[in-house]
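To start, the structure itself, in structure tokens.
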Amino acid sequence: MATLAPERRTTAEAAKGVARRAVTGAALPALVASFAVGAIVLLSAGTNPLTGYEALFRGILLDTNLPYLAAAFAPILGMAVSFAIPLRMGEFNLGGDGQLVLGGITAAAVAIAIPDAGLAGYALAALAGAAAAALWAYLAVPLARFGRVPVIISTLLLGFPAVSFASYLARYPLTDKGTGIPQTPRLPDAMHLPSLPASAYVNLGLVVAVLILVAYWIVDARTATGLDLRTLGANLRFGEYVGINLNRRTSGALAASGAIAGLTGALIVAGPPYRFIDGALVAPGYTFTGVTVALIASGRPAGLLAGAMLFTALQVGGTGMERDVGIPRQLTAIIQASVVITFVLIVAVQAYRAKTRAGAR
Amino acid sequence: MNVFTLGFVAAVLIALAPVLLAALGGALCARVGVFNIGLEGQMLLGCFTAVAVSAKTGSALLGVAAAVVAGVLTAVILAVGSIRLRADPIVLAIGTNLLAVGLTGFLLRSLLGTSGTYSSPDLSGLGRLGDTWIGRVPVLGDVFASSSWVVVLSLLLVPALAFFLARHPAGLRLRGIGENPDAARSLGVNVNGYQQAAVLVAGGLCGLAGAQLALGNVQLFSEQMTAGRGWVAVVAVMLGRGRPGLVLAASVVFGAAEAFGFRLQGLGLPQQATDAAPYVITLIALIATSARWRRRPAAEPLPEPTAGSAVEPTGGAR
């Protein structure tokens, strides 16, 4: 019953296909196909797809929505990088939501404890949040090593207690007494991320998110660590054969993935409305938008940037569509999921065609 | 508080049933060599379909039937995509799980006209066996007081699946494929057919699990109400090594944890703590069983099997 053994190898080998195959050829057709799926969903719900899509694009292009676009971009990019790091070596971190809130609540807790420390103090708080989330993501490593639980499952299951724990903290020990809302007190003004000239929603967080991407880009393309990860992603056994320390690389990748998710949470908390609100980090679906972006980009840095822009636009457009014509914004979640599904299907069909063509020769 | 009352057993039964149904489907897939992590999404679509159809038709039975169909239809993506087209099964499953969240959220608003949670007097739930003649039977009546017939079915499926896998020719072929697909293929067994069938059956069972969750355990639909039960089922399959009896034991652990959590809530513990309990206990169960597992391959003579440990993993792991 070898197939039953929850060996990480099966997960890794499955991911290998995605990490290795070219994306460009499949991403665009997948996007087109997914909009078609969305149109079918709209039709079956009794709505004219043109009305829906027109409102969607109007929502994206509307000037007044631009700040929201910029505000959603940073967390989506952050979560995309977070998911991309382990994906690069063929591993899946599906516990992004838990790590995101753990980072946010830890940063809020530390910030409340040192209210007079200013922005430097918040940097410390954000680092604490990143550390907490990194540790939480890292827990999947011993579980995989000693318990043979696939990382994809342990990360996901660890997410639930993390979200519950943060929710508990926001309701009881850290709650803003008197408001009756499950939220922490507002951060002191000095700890708010400074806004960029454009708007209050466009703040230092955007800069940090882009810096995270640049750092990932450099590590991925220019360092031995990045080469190791990509080698493991392309062929795990080969990677181990040439002497890559799999355990060390998995630990590092998951800790880094968690740290970036945690940092993303901390950045959200230091933006408007400047506090941790129960559910506010999870509800917009940053984590799984990030997952979608990273999957269709195969974790490639340039693809992450383009994908994060595209899916941020889609998400913000969906909110505008809901407001304007009353079509539920979950349509964008359907389109997102369809992109993932059609993308892997197209990649598979392309691989099959390439194989038969090679065989015919 | 006495935990070991018949009432507690009854609570465990309804808590474990959805996980058990999904896990039996997962076990079937595991035995035929398919690592199925799409259970969560299929269960969620089952929940929604059961509630929507029951609310529109007033018939719980139609709701259950529609939920099974919805589960199978969702599984078609996985079956055809990953087995026929050889697309990446993990990413495909992530995609279908996301699709279920998006689709149910969208339809909840556009079809049932609400967001968050839907519940309505039109909604016909699965009847409680406690209200039938079974309720008057001593002991049995208390144990199955809040269960529906789906819960009983889920329990009956355990020996049925065990028998099928152990004794039925199709079960034998299925296991053969799981152990060595190439060998099975060389013997003329339709490997893809068996694997696809297993994924579709698992989809149907997940739909049924969703129906029990949304029409039996409660009578409502709320967004993402499966809350990871499909993933717990994946863990139950792993803990139980794909064997129905052991999968049941693993599901009991989860069910007991959830039921115990509800009890603790009654004692004034915050809901967040009890919400987290089932996942924490599932993970601890994983660690506990695997820690024992680690000791097994040691060169020393094997210790006597621990008496009464139902989740003891059997050999042949690698």
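Convention: chains lettered A, B, ... in structure tokens order; per-chain residue numbering from 1; ligands numbered from 1 as shown.
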### 12 Å contact set for Arg171 (chain A), only C-alpha atoms, chain neighbours under 4 positions out, as a VMD selection string
(chain A and resid 105 164 to 167 175 to 185 276 to 279) or (chain B and resid 270 to 273)
### Message
What parts of region 33-249 of chain A does DSSP call strand (DSSP E)? I'd like the answer as a VMD selection string.
### Response
chain A and resid 195 to 196 199 to 203
### Task
Please determine the contact residues of chain B with respect to chain A at a cut-off of 8 Å, counting only C-alpha atoms, and supply them as a ChimeraX atom specification.
/B:30-31,33-35,81,85-92,95-96,98-99,101-103,105-107,109-111,178-179,228,231-232,235,238,241-242,270,272-273,275-277,279-280,283,286-287,289-291,294,316-318
### Exercise: Ala15 (chain B) partners within 9 Å, only C-alpha atoms, chain neighbours under 3 positions left out, as a list in words
Ala10, Ala11, Val12, Pro18, Val19, Leu213, Asn217, Ser251, Val252, Phe254, Gly255, Ala256, Ala257, Glu258 and Ala259 of chain B
Next, the residues of the selection above should be written as a CSV table (one decimal), in the first residue's frame with C-alpha atoms.
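Written file, result_36.csv:
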```
chain,number,residue,atom,x,y,z
B,10,ALA,CA,-25.6,10.5,20.5
B,11,ALA,CA,-23.8,13.8,20.1
B,12,VAL,CA,-20.6,12.0,19.0
B,18,PRO,CA,-20.2,13.9,7.9
B,19,VAL,CA,-16.5,13.2,8.5
B,213,LEU,CA,-24.3,18.3,7.9
B,217,ASN,CA,-26.8,18.2,12.2
B,251,SER,CA,-13.7,9.7,12.8
B,252,VAL,CA,-14.8,8.8,16.3
B,254,PHE,CA,-12.9,13.8,15.7
B,255,GLY,CA,-16.6,13.4,16.5
B,256,ALA,CA,-15.8,13.0,20.2
B,257,ALA,CA,-13.6,16.1,20.1
B,258,GLU,CA,-16.4,18.1,18.6
B,259,ALA,CA,-19.1,16.8,20.9
```
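As for CA of Leu28 (chain B) and CA of Val201 (chain B), they are spaced 8.3 Å apart.
CA of Val253 (chain B) sits 26.4 Å away from CA of Ala50 (chain B).
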### Message
One number please: CA of Gly125 (chain B) to CA of Ser54 (chain B), in Å, one decimal.
### Response
7.7 Å
### Task
Could you give me, as an MDAnalysis selection string, each residue of region 121-309 of chain B that DSSP assigns to helix (DSSP H, G or I) when run on this structure's backbone?
chainID B and resid 129:131 133:136 140:143 149:167 169:179 181:186 191:217 229:239 244:266 271:295
### Query
Neighbours of Leu112 (chain B) within 10 Å (only C-alpha atoms; same-chain residues fewer than 4 positions away dropped), as a PyMOL selection string?
chain B and resi 51-52+55-56+106-108+118-119
What would the file look like if the residues just selected were written as a short mmCIF file (atom, residue, chain, number, x, y, z; two decimals), in the first residue's frame with N, CA and C atoms?
```cif
data_model
loop_
_atom_site.label_atom_id
_atom_site.label_comp_id
_atom_site.auth_asym_id
_atom_site.auth_seq_id
_atom_site.Cartn_x
_atom_site.Cartn_y
_atom_site.Cartn_z
N VAL B 51 -29.61 22.09 1.04
CA VAL B 51 -30.43 23.15 1.62
C VAL B 51 -31.29 23.83 0.56
N ALA B 52 -30.67 24.16 -0.59
CA ALA B 52 -31.41 24.87 -1.64
C ALA B 52 -32.56 24.03 -2.16
N ALA B 55 -35.27 23.55 0.48
CA ALA B 55 -36.05 24.77 0.69
C ALA B 55 -37.03 25.00 -0.46
N LYS B 56 -36.61 24.67 -1.69
CA LYS B 56 -37.47 24.95 -2.85
C LYS B 56 -38.56 23.89 -3.02
N PHE B 106 -21.87 32.67 -4.10
CA PHE B 106 -22.59 33.38 -5.17
C PHE B 106 -24.06 32.97 -5.19
N LEU B 107 -24.29 31.65 -5.19
CA LEU B 107 -25.66 31.15 -5.29
C LEU B 107 -26.48 31.46 -4.04
N LEU B 108 -25.81 31.51 -2.89
CA LEU B 108 -26.51 31.87 -1.66
C LEU B 108 -27.16 33.23 -1.81
N TYR B 118 -28.22 31.04 5.75
CA TYR B 118 -29.60 30.91 5.28
C TYR B 118 -30.31 29.87 6.13
N SER B 119 -31.45 30.25 6.64
CA SER B 119 -32.29 29.24 7.27
C SER B 119 -33.72 29.73 7.12
#
```
### Query
Residues at most 12 Å from Leu172 (chain B), counting only C-alpha atoms, excluding those fewer than 3 positions away in the same chain, as a count of residues only?
20
